[in-house]
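S.K.: Sharing structure29.txt (compact mmCIF, C-alpha atoms and all ligand atoms) below.
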# COMPACT_ATOMS: atom_id res chain seq x y z
CA MET K 1145 -1.07 -2.31 13.11
CA LYS K 1146 2.16 -4.02 14.07
CA ASP K 1147 5.32 -1.98 13.80
CA ARG K 1148 7.46 -5.05 13.15
CA PHE K 1149 7.69 -8.27 11.20
CA ASP K 1150 9.30 -10.22 14.03
CA GLU K 1151 12.74 -8.64 14.42
CA PHE K 1152 12.49 -6.74 11.11
CA GLY K 1153 10.73 -3.50 10.14
CA GLY K 1154 10.28 -0.62 12.56
CA LYS K 1155 10.71 3.12 12.09
CA PHE K 1156 14.39 4.08 11.78
CA VAL K 1157 13.88 7.68 10.73
CA PRO K 1158 14.76 11.18 11.90
CA GLU K 1159 12.54 12.39 14.75
CA PRO K 1160 10.53 14.99 12.74
CA ILE K 1161 9.13 12.26 10.48
CA ILE K 1162 7.68 10.11 13.29
CA PRO K 1163 4.43 12.13 13.71
CA ALA K 1164 3.77 11.91 9.94
CA LEU K 1165 4.20 8.12 10.05
CA GLU K 1166 1.88 7.91 13.04
CA GLU K 1167 -0.73 10.02 11.26
CA LEU K 1168 -0.45 7.79 8.19
CA GLU K 1169 -0.85 4.67 10.33
CA LYS K 1170 -3.89 6.06 12.10
CA GLU K 1171 -5.61 7.22 8.90
CA TYR K 1172 -4.83 4.01 7.05
CA THR K 1173 -6.08 1.80 9.89
CA GLU K 1174 -9.37 3.71 9.83
CA ILE K 1175 -9.82 3.70 6.11
CA LYS K 1176 -8.60 0.20 5.30
CA ASN K 1177 -11.84 -1.50 6.28
CA SER K 1178 -14.16 1.20 4.97
CA THR K 1179 -16.34 -0.15 2.18
CA GLU K 1180 -16.34 3.28 0.53
CA PHE K 1181 -12.53 3.30 0.23
CA GLN K 1182 -12.32 -0.31 -0.94
CA GLU K 1183 -15.08 0.32 -3.48
CA GLN K 1184 -13.27 3.38 -4.88
CA PHE K 1185 -10.02 1.43 -5.07
CA ARG K 1186 -11.70 -1.48 -6.83
CA GLU K 1187 -13.37 0.85 -9.31
CA ILE K 1188 -10.22 2.71 -10.26
CA LEU K 1189 -8.31 -0.56 -10.64
CA GLU K 1190 -11.00 -1.87 -12.97
CA GLU K 1191 -11.95 1.21 -14.95
CA TYR K 1192 -8.57 2.91 -15.22
CA ALA K 1193 -5.85 0.33 -14.65
CA GLY K 1194 -7.48 -2.65 -16.37
CA ARG K 1195 -7.94 -5.19 -13.58
CA PRO K 1196 -8.45 -8.07 -13.28
CA THR K 1197 -5.40 -9.13 -15.25
CA PRO K 1198 -5.64 -12.57 -16.89
CA LEU K 1199 -4.07 -15.78 -15.62
CA THR K 1200 -2.78 -17.24 -18.88
CA TYR K 1201 -2.07 -20.96 -19.37
CA SER K 1202 1.22 -21.39 -21.22
CA GLU K 1203 0.94 -24.44 -23.44
CA LYS K 1204 4.55 -24.20 -24.65
CA LEU K 1205 6.22 -23.73 -21.28
CA SER K 1206 4.04 -26.48 -19.84
CA GLN K 1207 5.22 -28.91 -22.54
CA LYS K 1208 8.83 -27.85 -22.18
CA PHE K 1209 9.01 -28.16 -18.41
CA GLY K 1210 6.59 -31.06 -17.89
CA CYS K 1211 3.96 -29.48 -15.64
CA LYS K 1212 1.09 -26.99 -15.85
CA ILE K 1213 2.40 -23.44 -16.07
CA TYR K 1214 0.29 -20.32 -15.69
CA LEU K 1215 1.37 -16.69 -16.03
CA LYS K 1216 -0.21 -13.94 -13.91
CA ARG K 1217 -0.32 -11.10 -16.41
CA GLU K 1218 0.69 -7.93 -14.55
CA ASP K 1219 2.40 -7.01 -17.83
CA LEU K 1220 -1.10 -6.16 -19.06
CA LEU K 1221 -1.80 -3.64 -16.32
CA HIS K 1222 -1.87 0.02 -17.41
CA GLY K 1223 1.70 1.31 -17.38
CA GLY K 1224 3.06 -2.15 -18.17
CA ALA K 1225 3.77 -3.47 -14.66
CA HIS K 1226 2.27 -4.12 -11.24
CA LYS K 1227 3.49 -0.76 -9.87
CA LEU K 1228 0.23 1.10 -10.55
CA ASN K 1229 -1.72 -1.05 -8.03
CA ASN K 1230 0.33 0.60 -5.30
CA THR K 1231 0.60 4.14 -6.65
CA LEU K 1232 -3.18 4.35 -7.25
CA GLY K 1233 -3.88 2.94 -3.78
CA GLN K 1234 -1.59 5.42 -2.07
CA ALA K 1235 -2.80 8.35 -4.18
CA LEU K 1236 -6.37 7.50 -3.15
CA LEU K 1237 -5.23 7.28 0.46
CA ALA K 1238 -3.54 10.69 0.11
CA LYS K 1239 -6.80 12.15 -1.21
CA HIS K 1240 -8.68 10.78 1.78
CA MET K 1241 -6.05 12.27 4.06
CA GLU K 1242 -6.73 15.60 2.32
CA LYS K 1243 -3.18 15.95 1.06
CA GLU K 1244 -2.65 18.12 -2.01
CA LYS K 1245 0.65 16.74 -3.08
CA ILE K 1246 2.58 13.48 -3.47
CA ILE K 1247 6.34 13.11 -3.63
CA ALA K 1248 8.39 10.08 -4.56
CA GLU K 1249 11.90 9.01 -5.40
CA THR K 1250 12.71 6.86 -8.39
CA GLY K 1251 15.72 4.87 -9.59
CA ALA K 1252 15.31 3.83 -13.20
CA GLY K 1253 12.12 5.87 -13.42
CA GLN K 1254 9.45 3.13 -13.41
CA HIS K 1255 8.06 4.09 -10.01
CA GLY K 1256 8.29 7.78 -10.92
CA VAL K 1257 6.20 7.17 -14.03
CA ALA K 1258 3.61 5.08 -12.12
CA THR K 1259 3.42 7.79 -9.44
CA SER K 1260 3.01 10.50 -12.08
CA MET K 1261 0.16 8.54 -13.67
CA ALA K 1262 -1.61 8.21 -10.32
CA GLY K 1263 -0.97 11.88 -9.55
CA ALA K 1264 -2.44 12.98 -12.89
CA LYS K 1265 -5.46 10.71 -12.53
CA MET K 1266 -6.17 11.80 -8.95
CA GLU K 1267 -5.36 15.49 -9.48
CA LEU K 1268 -2.51 15.59 -6.98
CA GLU K 1269 0.50 17.81 -7.44
CA THR K 1270 3.38 15.42 -8.08
CA GLU K 1271 7.07 15.90 -7.43
CA ILE K 1272 9.64 13.24 -8.28
CA PHE K 1273 13.27 13.03 -7.15
CA MET K 1274 15.67 11.21 -9.43
CA GLY K 1275 19.47 10.95 -9.34
CA LYS K 1276 21.07 12.94 -12.15
CA LYS K 1277 23.07 9.88 -13.24
CA ASP K 1278 19.91 7.79 -13.47
CA LEU K 1279 18.18 10.61 -15.29
CA GLU K 1280 20.81 10.73 -17.99
CA ARG K 1281 20.46 7.00 -18.56
CA GLN K 1282 16.65 7.09 -18.55
CA LYS K 1283 15.79 10.13 -20.62
CA LEU K 1284 12.52 8.70 -21.91
CA ASN K 1285 11.17 8.02 -18.42
CA ALA K 1286 12.15 11.55 -17.44
CA TYR K 1287 10.17 12.85 -20.40
CA ARG K 1288 7.23 10.58 -19.56
CA MET K 1289 7.03 11.99 -16.02
CA ARG K 1290 7.01 15.58 -17.28
CA LEU K 1291 4.47 14.68 -19.96
CA LEU K 1292 2.24 13.31 -17.18
CA GLY K 1293 2.46 16.67 -15.44
CA ALA K 1294 4.95 15.87 -12.68
CA LYS K 1295 7.74 18.13 -11.53
CA LEU K 1296 11.02 16.27 -11.86
CA ASN K 1297 13.92 17.19 -9.59
CA PRO K 1298 17.36 15.99 -10.65
CA VAL K 1299 19.44 15.07 -7.58
CA THR K 1300 23.12 15.95 -7.75
CA THR K 1301 24.19 15.21 -4.17
CA GLY K 1302 26.27 12.14 -3.27
CA GLU K 1303 26.57 9.74 -6.17
CA ALA K 1304 23.49 11.25 -7.84
CA LYS K 1305 21.71 7.87 -7.76
CA LEU K 1306 18.72 6.23 -6.11
CA LYS K 1307 19.85 6.38 -2.50
CA ASP K 1308 20.62 10.10 -2.85
CA ALA K 1309 17.20 10.65 -4.43
CA VAL K 1310 15.63 8.93 -1.38
CA ASN K 1311 17.50 11.28 0.95
CA GLU K 1312 16.46 14.37 -1.00
CA ALA K 1313 12.84 13.27 -1.21
CA LEU K 1314 12.77 12.68 2.57
CA ARG K 1315 14.29 16.10 3.14
CA ALA K 1316 11.63 17.69 0.94
CA TRP K 1317 8.89 15.75 2.74
CA VAL K 1318 9.98 17.00 6.16
CA LYS K 1319 9.50 20.58 4.93
CA GLU K 1320 5.91 19.95 3.85
CA LEU K 1321 4.58 17.15 6.04
CA GLU K 1322 1.24 18.92 6.50
CA ASN K 1323 0.01 18.77 2.90
CA THR K 1324 2.23 16.06 1.35
CA HIS K 1325 2.13 12.28 1.15
CA TYR K 1326 5.38 10.39 0.53
CA LEU K 1327 4.51 7.70 -1.99
CA ILE K 1328 6.93 4.84 -1.50
CA GLY K 1329 7.52 2.42 -4.35
CA SER K 1330 7.83 -1.02 -2.81
CA VAL K 1331 7.25 -2.97 0.43
CA VAL K 1332 10.20 -1.13 1.99
CA GLY K 1333 10.73 1.94 4.17
CA PRO K 1334 9.61 2.64 7.74
CA SER K 1335 6.41 1.21 9.20
CA PRO K 1336 3.56 1.47 8.15
CA PHE K 1337 4.69 1.62 4.48
CA PRO K 1338 5.60 -2.06 4.00
CA GLU K 1339 2.17 -3.15 5.21
CA ILE K 1340 0.26 -0.52 3.21
CA VAL K 1341 2.05 -1.36 -0.05
CA ARG K 1342 1.57 -5.09 0.58
CA ASP K 1343 -2.16 -4.59 1.11
CA PHE K 1344 -2.51 -2.66 -2.16
CA GLN K 1345 -0.47 -5.21 -4.12
CA SER K 1346 -2.24 -8.21 -2.59
CA VAL K 1347 -4.98 -7.75 -5.19
CA ILE K 1348 -2.64 -9.80 -7.44
CA GLY K 1349 -2.79 -12.87 -5.19
CA LYS K 1350 -6.51 -12.54 -4.48
CA GLU K 1351 -7.32 -12.59 -8.18
CA THR K 1352 -4.85 -15.41 -8.81
CA LYS K 1353 -6.49 -17.60 -6.20
CA LYS K 1354 -9.95 -17.11 -7.68
CA GLN K 1355 -8.70 -17.67 -11.23
CA ILE K 1356 -6.74 -20.86 -10.52
CA GLN K 1357 -9.68 -22.30 -8.58
CA GLN K 1358 -11.91 -21.63 -11.57
CA LYS K 1359 -9.47 -23.16 -14.03
CA GLU K 1360 -8.06 -26.08 -12.06
CA ASN K 1361 -10.43 -26.39 -9.12
CA SER K 1362 -7.36 -26.42 -6.93
CA LEU K 1363 -4.66 -24.24 -5.40
CA PRO K 1364 -1.30 -24.10 -7.21
CA ASP K 1365 1.64 -26.22 -6.02
CA ARG K 1366 4.15 -23.44 -6.50
CA ILE K 1367 4.27 -19.70 -7.10
CA ILE K 1368 7.43 -17.98 -8.30
CA ALA K 1369 8.04 -14.21 -8.40
CA CYS K 1370 11.04 -11.92 -8.81
CA VAL K 1371 12.16 -9.81 -5.86
CA GLY K 1372 13.61 -6.29 -5.95
CA GLY K 1373 12.14 -4.44 -2.97
CA GLY K 1374 9.62 -7.27 -2.93
CA SER K 1375 6.21 -5.78 -3.77
CA ASN K 1376 5.08 -7.93 -6.70
CA ALA K 1377 6.25 -11.03 -4.83
CA ILE K 1378 4.45 -10.19 -1.57
CA GLY K 1379 1.50 -9.10 -3.70
CA ILE K 1380 1.02 -12.56 -5.19
CA PHE K 1381 2.29 -14.57 -2.17
CA HIS K 1382 0.27 -12.94 0.60
CA GLU K 1383 -2.99 -14.74 -0.14
CA PHE K 1384 -1.16 -18.08 -0.02
CA VAL K 1385 1.24 -17.82 2.95
CA ASP K 1386 -1.11 -19.79 5.19
CA LYS K 1387 -1.83 -22.38 2.49
CA ASP K 1388 0.10 -25.46 1.40
CA VAL K 1389 1.78 -23.75 -1.57
CA LYS K 1390 5.53 -23.54 -2.21
CA LEU K 1391 6.56 -19.90 -2.57
CA THR K 1392 9.83 -18.89 -4.20
CA GLY K 1393 11.28 -15.38 -4.54
CA ILE K 1394 14.02 -14.88 -7.12
CA GLU K 1395 16.62 -12.18 -6.53
CA ALA K 1396 19.05 -10.88 -9.12
CA GLU K 1397 22.43 -12.45 -8.40
CA GLY K 1398 24.13 -9.03 -8.31
CA SER K 1399 21.72 -7.56 -5.78
CA ALA K 1400 20.64 -10.54 -3.66
CA SER K 1401 19.92 -8.97 -0.26
CA ILE K 1402 18.40 -12.09 1.30
CA THR K 1403 20.84 -14.58 -0.21
CA ASN K 1404 24.03 -12.59 0.33
CA GLY K 1405 23.08 -9.81 2.73
CA SER K 1406 23.12 -9.27 6.47
CA LYS K 1407 20.89 -7.53 8.99
CA GLY K 1408 20.93 -3.75 9.09
CA THR K 1409 18.87 -0.61 8.53
CA LEU K 1410 18.26 1.05 5.19
CA HIS K 1411 15.64 3.64 4.21
CA GLY K 1412 13.96 3.58 7.58
CA SER K 1413 13.61 -0.09 8.41
CA MET K 1414 15.49 -3.09 9.74
CA SER K 1415 15.88 -5.82 7.16
CA LYS K 1416 18.55 -7.72 5.27
CA LEU K 1417 20.78 -5.67 3.01
CA LEU K 1418 24.01 -5.69 1.09
CA GLN K 1419 26.60 -3.90 3.19
CA THR K 1420 30.31 -4.02 3.88
CA GLU K 1421 31.64 -5.02 7.31
CA GLU K 1422 31.77 -1.31 8.16
CA GLY K 1423 28.08 -0.95 7.33
CA GLN K 1424 28.54 0.86 4.00
CA ILE K 1425 25.91 0.05 1.38
CA LYS K 1426 27.40 -2.08 -1.39
CA GLU K 1427 27.11 -1.27 -5.08
CA THR K 1428 24.65 -3.59 -6.80
CA GLU K 1429 24.57 -4.68 -10.40
CA SER K 1430 21.79 -6.24 -12.41
CA ILE K 1431 20.61 -6.17 -15.98
CA ALA K 1432 17.12 -5.57 -14.54
CA ALA K 1433 16.92 -1.99 -13.23
CA GLY K 1434 13.93 -2.82 -11.04
CA LEU K 1435 15.87 -5.48 -9.11
CA ASP K 1436 18.97 -3.35 -8.68
CA TYR K 1437 18.36 -2.38 -5.03
CA PRO K 1438 20.65 -3.19 -2.07
CA GLY K 1439 17.79 -3.84 0.37
CA ILE K 1440 14.56 -5.83 0.62
CA GLY K 1441 11.24 -5.39 2.40
CA PRO K 1442 11.24 -6.45 6.08
CA GLU K 1443 8.37 -8.90 5.62
CA HIS K 1444 10.54 -10.90 3.22
CA SER K 1445 13.35 -11.02 5.78
CA MET K 1446 10.84 -12.45 8.24
CA TYR K 1447 9.54 -15.12 5.85
CA ASN K 1448 13.11 -16.04 5.00
CA GLN K 1449 13.95 -16.44 8.68
CA LYS K 1450 10.79 -18.53 9.24
CA GLU K 1451 11.65 -20.55 6.14
CA ARG K 1452 8.14 -19.97 4.82
CA ILE K 1453 9.37 -18.51 1.53
CA ASN K 1454 12.41 -19.79 -0.36
CA TYR K 1455 14.78 -17.28 -1.89
CA LYS K 1456 17.00 -18.13 -4.87
CA THR K 1457 18.93 -16.12 -7.42
CA ALA K 1458 19.19 -15.83 -11.19
CA ASN K 1459 22.04 -14.15 -13.03
CA ASP K 1460 21.88 -11.85 -16.07
CA GLU K 1461 22.51 -14.64 -18.62
CA GLU K 1462 19.80 -16.87 -17.17
CA ALA K 1463 17.34 -13.98 -17.19
CA LEU K 1464 18.22 -13.13 -20.80
CA GLU K 1465 17.65 -16.70 -21.87
CA ALA K 1466 14.22 -16.72 -20.20
CA PHE K 1467 13.41 -13.33 -21.81
CA LYS K 1468 14.03 -14.83 -25.24
CA LEU K 1469 12.31 -18.11 -24.43
CA LEU K 1470 8.97 -16.58 -23.45
CA SER K 1471 9.03 -14.07 -26.31
CA LYS K 1472 9.39 -16.85 -28.88
CA ALA K 1473 7.23 -19.46 -27.13
CA GLU K 1474 4.18 -17.35 -26.31
CA GLY K 1475 4.56 -14.01 -28.10
CA ILE K 1476 4.91 -12.29 -24.74
CA ILE K 1477 8.00 -10.14 -24.14
CA PRO K 1478 8.54 -10.21 -20.36
CA ALA K 1479 10.29 -7.49 -18.35
CA LEU K 1480 13.89 -8.43 -17.52
CA GLU K 1481 12.81 -8.38 -13.85
CA SER K 1482 10.07 -10.95 -14.47
CA SER K 1483 12.51 -12.98 -16.60
CA HIS K 1484 14.38 -13.76 -13.37
CA ALA K 1485 11.30 -15.58 -12.07
CA LEU K 1486 10.96 -17.49 -15.36
CA ALA K 1487 14.64 -18.46 -15.12
CA GLN K 1488 13.82 -20.66 -12.13
CA LEU K 1489 11.85 -23.11 -14.30
CA PRO K 1490 14.76 -25.04 -15.86
CA LYS K 1491 16.36 -25.31 -12.42
CA ILE K 1492 13.39 -27.08 -10.83
CA GLN K 1493 12.39 -29.08 -13.90
CA ASN K 1494 13.52 -32.40 -12.36
CA ASP K 1495 11.29 -31.90 -9.32
CA LEU K 1496 8.15 -31.24 -11.35
CA SER K 1497 5.48 -33.78 -12.28
CA PRO K 1498 2.82 -33.42 -15.01
CA ASP K 1499 0.02 -32.60 -12.56
CA ASP K 1500 1.95 -29.89 -10.74
CA ILE K 1501 0.52 -26.40 -11.15
CA VAL K 1502 3.12 -23.65 -11.23
CA ILE K 1503 2.26 -19.94 -11.39
CA ILE K 1504 4.80 -17.33 -12.44
CA ASN K 1505 4.08 -13.71 -11.60
CA LEU K 1506 4.80 -11.86 -14.83
CA SER K 1507 5.35 -8.54 -13.05
CA GLY K 1508 5.78 -6.44 -16.19
CA ARG K 1509 6.21 -6.27 -19.94
CA GLY K 1510 9.60 -6.10 -21.59
CA ASP K 1511 9.12 -3.41 -24.22
CA LYS K 1512 11.20 -1.08 -22.04
CA ASP K 1513 14.09 -3.59 -22.19
CA VAL K 1514 14.17 -4.44 -25.88
CA ARG K 1515 16.69 -1.76 -26.79
CA GLU K 1516 19.09 -2.83 -24.04
CA VAL K 1517 18.84 -6.50 -24.98
CA SER K 1518 19.31 -5.73 -28.68
CA ASN K 1519 22.46 -3.74 -27.84
CA LEU K 1520 23.98 -6.89 -26.34
CA GLU K 1521 23.81 -8.80 -29.62
C1 LIG P 1 9.85 -2.36 -10.21
C2 LIG P 1 9.69 -3.71 -10.78
C3 LIG P 1 10.05 -4.88 -10.07
C4 LIG P 1 10.72 -4.85 -8.73
O1 LIG P 1 9.97 -4.31 -7.68
P1 LIG P 1 9.29 -5.21 -6.57
O2 LIG P 1 8.90 -4.22 -5.53
O3 LIG P 1 10.30 -6.21 -6.08
O4 LIG P 1 8.14 -5.89 -7.20
C5 LIG P 1 9.81 -6.10 -10.67
N1 LIG P 1 9.28 -6.21 -11.91
C6 LIG P 1 8.93 -5.12 -12.62
C7 LIG P 1 8.36 -5.30 -13.98
C8 LIG P 1 9.13 -3.84 -12.09
O5 LIG P 1 8.78 -2.76 -12.82
What does the file become when written as structure tokens?
Ligand SMILES: *Cc1c(COP(=O)(O)O)cnc(C)c1O

M.R.:
Amino acid sequence: MKDRFDEFGGKFVPEPIIPALEELEKEYTEIKNSTEFQEQFREILEEYAGRPTPLTYSEKLSQKFGCKIYLKREDLLHGGAHKLNNTLGQALLAKHMEKEKIIAETGAGQHGVATSMAGAKMELETEIFMGKKDLERQKLNAYRMRLLGAKLNPVTTGEAKLKDAVNEALRAWVKELENTHYLIGSVVGPSPFPEIVRDFQSVIGKETKKQIQQKENSLPDRIIACVGGGSNAIGIFHEFVDKDVKLTGIEAEGSASITNGSKGTLHGSMSKLLQTEEGQIKETESIAAGLDYPGIGPEHSMYNQKERINYKTANDEEALEAFKLLSKAEGIIPALESSHALAQLPKIQNDLSPDDIVIINLSGRGDKDVREVSNLE
């Protein structure tokens, strides 16, 4: 396994964590190509999580934007988003590593819920760290985690938000490295996490390729996905990076690490991030909680540098418009995160021709966002 994605990635962590990362890398490298592991992963994705998810042709969007538009339906995965692909994969890996416990941090609570589901399913003790401020705003997700049997630890240090929860979770991990797996929520963090999470999420792109070949007998011309830490985007892009397909990642305007950030280290790896000239992490702001993160996975920074993937932004208003458009047009309420990807369509409309095939990764469903959107009216 490579430690780096060109100049990005690496292991920027306190010394005591290095052996645990090395153990993880060794175990994962061994297990990754085992048919037994892959077979178990496939089975749990099918029988429990509901894979494969459909690739739905959108008649209305196709008419409106003058091309062929398909939606990859991660909104239909158990839990309502792509996150479970990763949490189930890592929980299975933890089992194989004979760990008894998983710990994770969570911001808005989506990753905490997905981790708690995987922990319950795989009979792993689950402990979640969540900033007290986030907890107060996301009471239902806090209840969900407890309902699923997880122990939820409110974090009161620092600003009592996501980055403080990460610090506390790391501190707790160091105390119990022997029997605990740290279950990271996106293609971020120190090596080997970005590669492991990408491998588990790449099931999205593998299915998409098969499905579009069946439906159109061709590869797509473009794929568009929203980017927070970058896992749903890498998940659908990875199968196509060496193919002639335009790939576009859409960041939230208020937390656009690639578009507006600079090189630095955050949460254990070198990547692009939003920081002040003194290296302080900037406050981010987005209507989509899942995109509200000041960093991005190192592999994205590499593809940006290589100009293999294009990165653009969408603002809150554009995302809201797309949220309403898809709800009315297709009867599908998209997550506000995924709405950022949809918001790219009107912007590229003039470059599209009727035969062009465009796939949007619908990373999650928007039921969780309906209250917030309704409060804006
Ligand atoms: C968490 C989340 C995201 C952002 O995470 P990535 O790692 O960038 O995929 C996007 N969409 C939905 C629906 C999410 O829940």

S.K.: Take CA of Met1261 in chain K and CA of Gly1329 in chain K and report the distance between them in Å, one decimal.

M.R.: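 So the answer is 13.4 Å.
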
S.K.: Could you give me, as a Markdown table, every chain K residue with an atom at most 7 Å from ligand LIG 1 (chain P), plus its closest atom pair and distance in Å to one decimal, counting only C-alpha atoms and all ligand atoms, rows ordered by chain then number?

M.R.:
| residue | atom | partner | partner_atom | distance |
| --- | --- | --- | --- | --- |
| K:Ala1225 | CA | P:LIG1 | C7 | 5.0 |
| K:His1226 | CA | P:LIG1 | C7 | 6.8 |
| K:Lys1227 | CA | P:LIG1 | O5 | 6.4 |
| K:Gln1254 | CA | P:LIG1 | O5 | 6.0 |
| K:His1255 | CA | P:LIG1 | C1 | 6.7 |
| K:Gly1329 | CA | P:LIG1 | O2 | 6.9 |
| K:Ser1330 | CA | P:LIG1 | O2 | 4.3 |
| K:Val1331 | CA | P:LIG1 | O2 | 6.3 |
| K:Cys1370 | CA | P:LIG1 | C5 | 6.2 |
| K:Val1371 | CA | P:LIG1 | O3 | 4.1 |
| K:Gly1372 | CA | P:LIG1 | O3 | 3.3 |
| K:Gly1373 | CA | P:LIG1 | O3 | 4.0 |
| K:Gly1374 | CA | P:LIG1 | O3 | 3.4 |
| K:Ser1375 | CA | P:LIG1 | O2 | 3.6 |
| K:Asn1376 | CA | P:LIG1 | O4 | 3.7 |
| K:Ala1377 | CA | P:LIG1 | O4 | 6.0 |
| K:Gly1434 | CA | P:LIG1 | C1 | 4.2 |
| K:Leu1435 | CA | P:LIG1 | C4 | 5.2 |
| K:Ala1479 | CA | P:LIG1 | C7 | 5.3 |
| K:Glu1481 | CA | P:LIG1 | N1 | 4.6 |
| K:Ser1482 | CA | P:LIG1 | N1 | 5.4 |
| K:Ser1507 | CA | P:LIG1 | C7 | 4.5 |
| K:Gly1508 | CA | P:LIG1 | C7 | 3.6 |
| K:Arg1509 | CA | P:LIG1 | C7 | 6.4 |

S.K.: What is the CA of Leu1220 in chain K-CA of Gly1349 in chain K distance in Å, reported with one decimal?

M.R.: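 Result for CA of Leu1220 in chain K versus CA of Gly1349 in chain K: 15.5 Å, one decimal.
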
S.K.: Would you kindly return, as a list in words, each protein, DNA or RNA residue with an atom no farther than 12 Å from any atom of Asn1323 in chain K, considering all atoms listed in the file and excluding same-chain residues fewer than 3 positions away?

M.R.: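 So the residues in contact are Ala1164, Ala1238, Lys1239, His1240, Met1241, Glu1242, Lys1243, Glu1244, Lys1245, Ile1246, Ile1247, Leu1268, Glu1269, Thr1270, Ala1316, Trp1317, Val1318, Lys1319, Glu1320 and Tyr1326 of chain K.
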
S.K.: So what do you get for CA of Asn1404 in chain K versus CA of Leu1418 in chain K, distance-wise?

M.R.: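 Pair CA of Asn1404 in chain K / CA of Leu1418 in chain K returns 6.9 Å.
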
S.K.: Rank nothing, just name the residue among K:Glu1360, K:Glu1159, K:Glu1218, K:Glu1383 nearest to Asp1500 in chain K, using only C-alpha atoms.

M.R.: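 Smallest distance to Asp1500 in chain K is found for K:Glu1360.
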
S.K.: Between K:Leu1306, K:Tyr1437, K:Ala1313, K:Pro1442, which residue has the minimum interatomic distance to Gly1408 in chain K, considering all atoms listed in the file?

M.R.: K:Pro1442

S.K.: Quick one: everything within 12 Å of Ile1348 in chain K, counting only C-alpha atoms, minus sequence neighbours fewer than 2 positions away in the same chain. Send it as a VMD selection string.

M.R.: chain K and resid 1189 1195 to 1199 1215 to 1219 1221 1225 to 1230 1342 to 1346 1350 to 1355 1369 1375 to 1384 1503 to 1507

S.K.: With 5 Å added on each side, what axis-aligned box encloses every listed atom of range 1171-1187 of chain K? Give the centre and edge lengths in Å to one decimal, as lines of an AutoDock Vina configuration file.

M.R.:
center_x = -10.6
center_y = 2.9
center_z = 0.3
size_x = 21.5
size_y = 18.7
size_z = 29.2

S.K.: Determine, counting all atoms listed in the file, which protein, DNA and RNA residues have an atom within 6 Å of an atom of Ser1399 in chain K; residues of the same chain fewer than 3 positions away are not included. Present the result as a list in words.

M.R.: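 Selected residues are Ala1396, Thr1428, Asp1436 and Pro1438 of chain K.
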
S.K.: Please determine, counting all atoms listed in the file, which residue among K:Glu1427, K:Asp1388, K:Phe1209, K:Ile1501 has the shortest atom-to-atom distance to Gln1488 in chain K.

M.R.: K:Phe1209

S.K.: Restricting the calculation to only C-alpha atoms, which member of K:Ile1356, K:Leu1363, K:Leu1464, K:Ala1487 is positioned closest to Tyr1214 in chain K?

M.R.: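 Once distances to Tyr1214 in chain K are computed over only C-alpha atoms, the minimum belongs to K:Ile1356.
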
S.K.: Between K:Ala1433, K:Met1414, K:Ala1400, K:Leu1486, which is the closest to Tyr1455 in chain K once you count only C-alpha atoms?

M.R.: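 Of the candidates, the smallest distance to Tyr1455 in chain K is held by K:Ala1400.
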
S.K.: Could you tell me, as an mmCIF file with C-alpha atoms, in the coordinates of the input, which residues have any atom at most 9 Å from (10.7, 16.8, -12.9), counting all atoms listed in the file?

M.R.:
data_model
loop_
_atom_site.group_PDB
_atom_site.id
_atom_site.type_symbol
_atom_site.label_atom_id
_atom_site.label_comp_id
_atom_site.auth_asym_id
_atom_site.auth_seq_id
_atom_site.Cartn_x
_atom_site.Cartn_y
_atom_site.Cartn_z
ATOM 1 C CA THR K 1270 3.380 15.420 -8.080
ATOM 2 C CA GLU K 1271 7.070 15.900 -7.430
ATOM 3 C CA ILE K 1272 9.640 13.240 -8.280
ATOM 4 C CA PHE K 1273 13.270 13.030 -7.150
ATOM 5 C CA MET K 1274 15.670 11.210 -9.430
ATOM 6 C CA ALA K 1286 12.150 11.550 -17.440
ATOM 7 C CA TYR K 1287 10.170 12.850 -20.400
ATOM 8 C CA MET K 1289 7.030 11.990 -16.020
ATOM 9 C CA ARG K 1290 7.010 15.580 -17.280
ATOM 10 C CA GLY K 1293 2.460 16.670 -15.440
ATOM 11 C CA ALA K 1294 4.950 15.870 -12.680
ATOM 12 C CA LYS K 1295 7.740 18.130 -11.530
ATOM 13 C CA LEU K 1296 11.020 16.270 -11.860
ATOM 14 C CA ASN K 1297 13.920 17.190 -9.590
ATOM 15 C CA PRO K 1298 17.360 15.990 -10.650
#

S.K.: Just checking: using all atoms listed in the file, which residue out of K:Thr1392, K:Gln1449, K:Asn1285, K:Ser1401 ends up closest to His1484 in chain K?

M.R.: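 The shortest atom-to-atom distance to His1484 in chain K comes from K:Thr1392.
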